[in-house]
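Structure, as structure tokens:
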Amino acid sequence: MTRSIRCGARVRLHYTLSHADGTGIDSTLDDGPLEFVIGDGTIAPNLEQLLLGMTAGRSERILLGPGEAFGARDEGNVHAMPRSDFGDLELSEGNLVSFALPNGDEIAGEVKSVDADTVEVDFNHPLAGLPLQFYVEILEVIAPE
């Protein structure tokens with residue numbers, strides 16, 4: 001019986017994520033396949049949705065429009081924060097900083113600018129709003145128990 005990917009299924013796959021022009025971003029082809037459970041947060045929910053219904057042996061290249069993979073860019077996710085909130089931390093444009101949320105989760109942001117009083121931090125996913133290519137090869141699907 002052929003098992004199709006659904007919520008809770010364990011999936012083993014190879015993937016390559018690229019910019020629309022083919023420039024590579026991330027791939028499992030060199031380091032071995034990725035294995036995870038659908039719904040566990042290992043991959044972006046929008047990419048996970050594309051896998052639903054696929055079966056082992058299937059491969060597909062999917063072109064994703066701006067914002068389809070990691071959501072649209074939201075300028076509301078760019079925040080000016082007091083420089084004093086960062087203590088003695090050396091900051092410069094492009095640094096990634098991590099913040100603890102009240103619920104214990106962490107969120108990362110990219111420093112966009114720094115001056116004596118203010119640090120501007122972008123909390124958008126770095127690939128938000130970009131057109132991307134997603135190539136996937138499904139190696140194995142194990143039904144949820």
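Following the order of the structure tokens, chains are lettered A, B, ..., residues in each are numbered from 1, and ligands are numbered from 1.
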
Give me the stretch 24-124 of chain A side of the contact with stretch 5-8 of chain A, cut-off 10 Å, one line per residue showing its nearest atom pair and distance in Å at one decimal, counting only C-alpha atoms, sorted by chain and residue number, as a Markdown table.
```
| residue | atom | partner | partner_atom | distance |
| --- | --- | --- | --- | --- |
| A:Phe36 | CA | A:Gly8 | CA | 9.4 |
| A:Val37 | CA | A:Gly8 | CA | 5.7 |
| A:Ile38 | CA | A:Gly8 | CA | 5.1 |
| A:Gly39 | CA | A:Cys7 | CA | 6.0 |
| A:Asp40 | CA | A:Gly8 | CA | 8.1 |
| A:Glu48 | CA | A:Cys7 | CA | 9.4 |
| A:Gln49 | CA | A:Arg6 | CA | 9.2 |
| A:Leu50 | CA | A:Ile5 | CA | 9.9 |
| A:Leu51 | CA | A:Ile5 | CA | 6.6 |
| A:Leu52 | CA | A:Ile5 | CA | 4.9 |
| A:Gly53 | CA | A:Ile5 | CA | 4.9 |
| A:Met54 | CA | A:Ile5 | CA | 5.5 |
| A:Thr55 | CA | A:Ile5 | CA | 6.3 |
| A:Ala56 | CA | A:Ile5 | CA | 8.7 |
```

Writing out the chosen residues with C-alpha atoms as a CSV table (one decimal), in the first residue's frame:
```
chain,number,residue,atom,x,y,z
A,36,PHE,CA,10.9,14.6,10.4
A,37,VAL,CA,7.3,14.4,11.4
A,38,ILE,CA,4.7,16.5,9.5
A,39,GLY,CA,3.5,19.1,11.9
A,40,ASP,CA,6.6,19.1,14.2
A,48,GLU,CA,5.1,21.5,4.7
A,49,GLN,CA,1.7,22.1,3.1
A,50,LEU,CA,3.2,21.5,-0.3
A,51,LEU,CA,4.2,17.9,0.7
A,52,LEU,CA,0.7,16.8,1.8
A,53,GLY,CA,-0.6,14.0,-0.4
A,54,MET,CA,2.8,13.2,-1.9
A,55,THR,CA,4.1,9.6,-1.8
A,56,ALA,CA,7.5,7.9,-1.7
```

Spatial neighbours of A:Thr28, 7 Å, only C-alpha atoms, chain gap at least 6 places, as an NGL selection string: :A and (14-16 or 34)

Requested write-out: C-alpha atoms of the selected residues, as a PDB file, in the first residue's frame:
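Generated file (selection-v3.pdb):
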```pdb
ATOM      1  CA  HIS A  14      15.845  15.300  -0.002  1.00  0.00           C
ATOM      2  CA  TYR A  15      15.203  18.950  -0.744  1.00  0.00           C
ATOM      3  CA  THR A  16      16.878  21.910  -2.335  1.00  0.00           C
ATOM      4  CA  LEU A  34      16.050  15.085   6.257  1.00  0.00           C
TER       5      LEU A  34
END
```

What is the atom CA of A:Ala72 to atom CA of A:Glu60 distance in Å?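 These atoms are spaced 23.5 Å apart.
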
Any idea what's packed within 9 Å of A:Ala69, counting only C-alpha atoms, ignoring anything in its chain fewer than 6 positions away? Could you give it as a ChimeraX atom specification? /A:44-47,127-132,134

Exercise: A:Glu140 partners within 7 Å, only C-alpha atoms, chain neighbours under 3 positions left out, as a PyMOL selection string: chain A and resi 11-13+56

Requested write-out: C-alpha atoms of the selected residues, as a JSON list (two decimals), in the first residue's frame:
```
[["chain", "number", "residue", "atom", "x", "y", "z"],
["A", 11, "VAL", "CA", 8.87, 11.62, 6.17],
["A", 12, "ARG", "CA", 12.39, 11.13, 4.84],
["A", 13, "LEU", "CA", 13.26, 13.35, 1.89],
["A", 56, "ALA", "CA", 7.50, 7.91, -1.68]]
```

Check stretch 42-102 of chain A with DSSP on the backbone and list each residue it calls alpha helix (DSSP H), as a PyMOL selection string. chain A and resi 45-51

Mind dumping the selected residues with N, CA and C atoms as a PDB file, in the first residue's frame?
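Produced file part14.pdb, reproduced below:
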```pdb
ATOM      1  N   PRO A  45       5.775  25.943   7.720  1.00  0.00           N
ATOM      2  CA  PRO A  45       4.430  25.404   7.479  1.00  0.00           C
ATOM      3  C   PRO A  45       3.983  25.497   6.022  1.00  0.00           C
ATOM      4  N   ASN A  46       4.316  26.571   5.328  1.00  0.00           N
ATOM      5  CA  ASN A  46       3.904  26.705   3.932  1.00  0.00           C
ATOM      6  C   ASN A  46       4.591  25.669   3.046  1.00  0.00           C
ATOM      7  N   LEU A  47       5.849  25.344   3.348  1.00  0.00           N
ATOM      8  CA  LEU A  47       6.544  24.300   2.589  1.00  0.00           C
ATOM      9  C   LEU A  47       5.984  22.926   2.953  1.00  0.00           C
ATOM     10  N   GLU A  48       5.685  22.739   4.215  1.00  0.00           N
ATOM     11  CA  GLU A  48       5.098  21.477   4.673  1.00  0.00           C
ATOM     12  C   GLU A  48       3.778  21.195   3.954  1.00  0.00           C
ATOM     13  N   GLN A  49       2.966  22.229   3.785  1.00  0.00           N
ATOM     14  CA  GLN A  49       1.671  22.076   3.102  1.00  0.00           C
ATOM     15  C   GLN A  49       1.843  21.535   1.691  1.00  0.00           C
ATOM     16  N   LEU A  50       2.929  21.914   1.023  1.00  0.00           N
ATOM     17  CA  LEU A  50       3.181  21.456  -0.344  1.00  0.00           C
ATOM     18  C   LEU A  50       3.436  19.953  -0.409  1.00  0.00           C
ATOM     19  N   LEU A  51       3.866  19.370   0.700  1.00  0.00           N
ATOM     20  CA  LEU A  51       4.189  17.939   0.731  1.00  0.00           C
ATOM     21  C   LEU A  51       2.961  17.049   0.927  1.00  0.00           C
TER      22      LEU A  51
END
```

Find, counting only C-alpha atoms, the residue in A:Ser98, A:Ser92, A:Ser113, A:Gln133 that gets nearest to A:Thr23. A:Gln133

Could you name the residues that touch A:Leu91 at 10 Å or less, counting only C-alpha atoms, but leaving out those on the same chain fewer than 6 positions away, as a list in words?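 Answer for this query is Arg83, Val97, Val111, Lys112, Ser113, Val114, Asp115 and Val119 of chain A.
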
Based on the backbone DSSP call, show me all residues of chain A assigned strand (DSSP E), as a PyMOL selection string. chain A and resi 10-19+24-27+34-37+59-64+78-82+96-100+106-114+118-122+132-142

Here is a test: counting only C-alpha atoms, which residue of A:Arg58, A:Gly24, A:Gly65, A:Ser18 is nearest to A:Val141?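 Using only C-alpha atoms, the shortest distance to A:Val141 belongs to A:Arg58.
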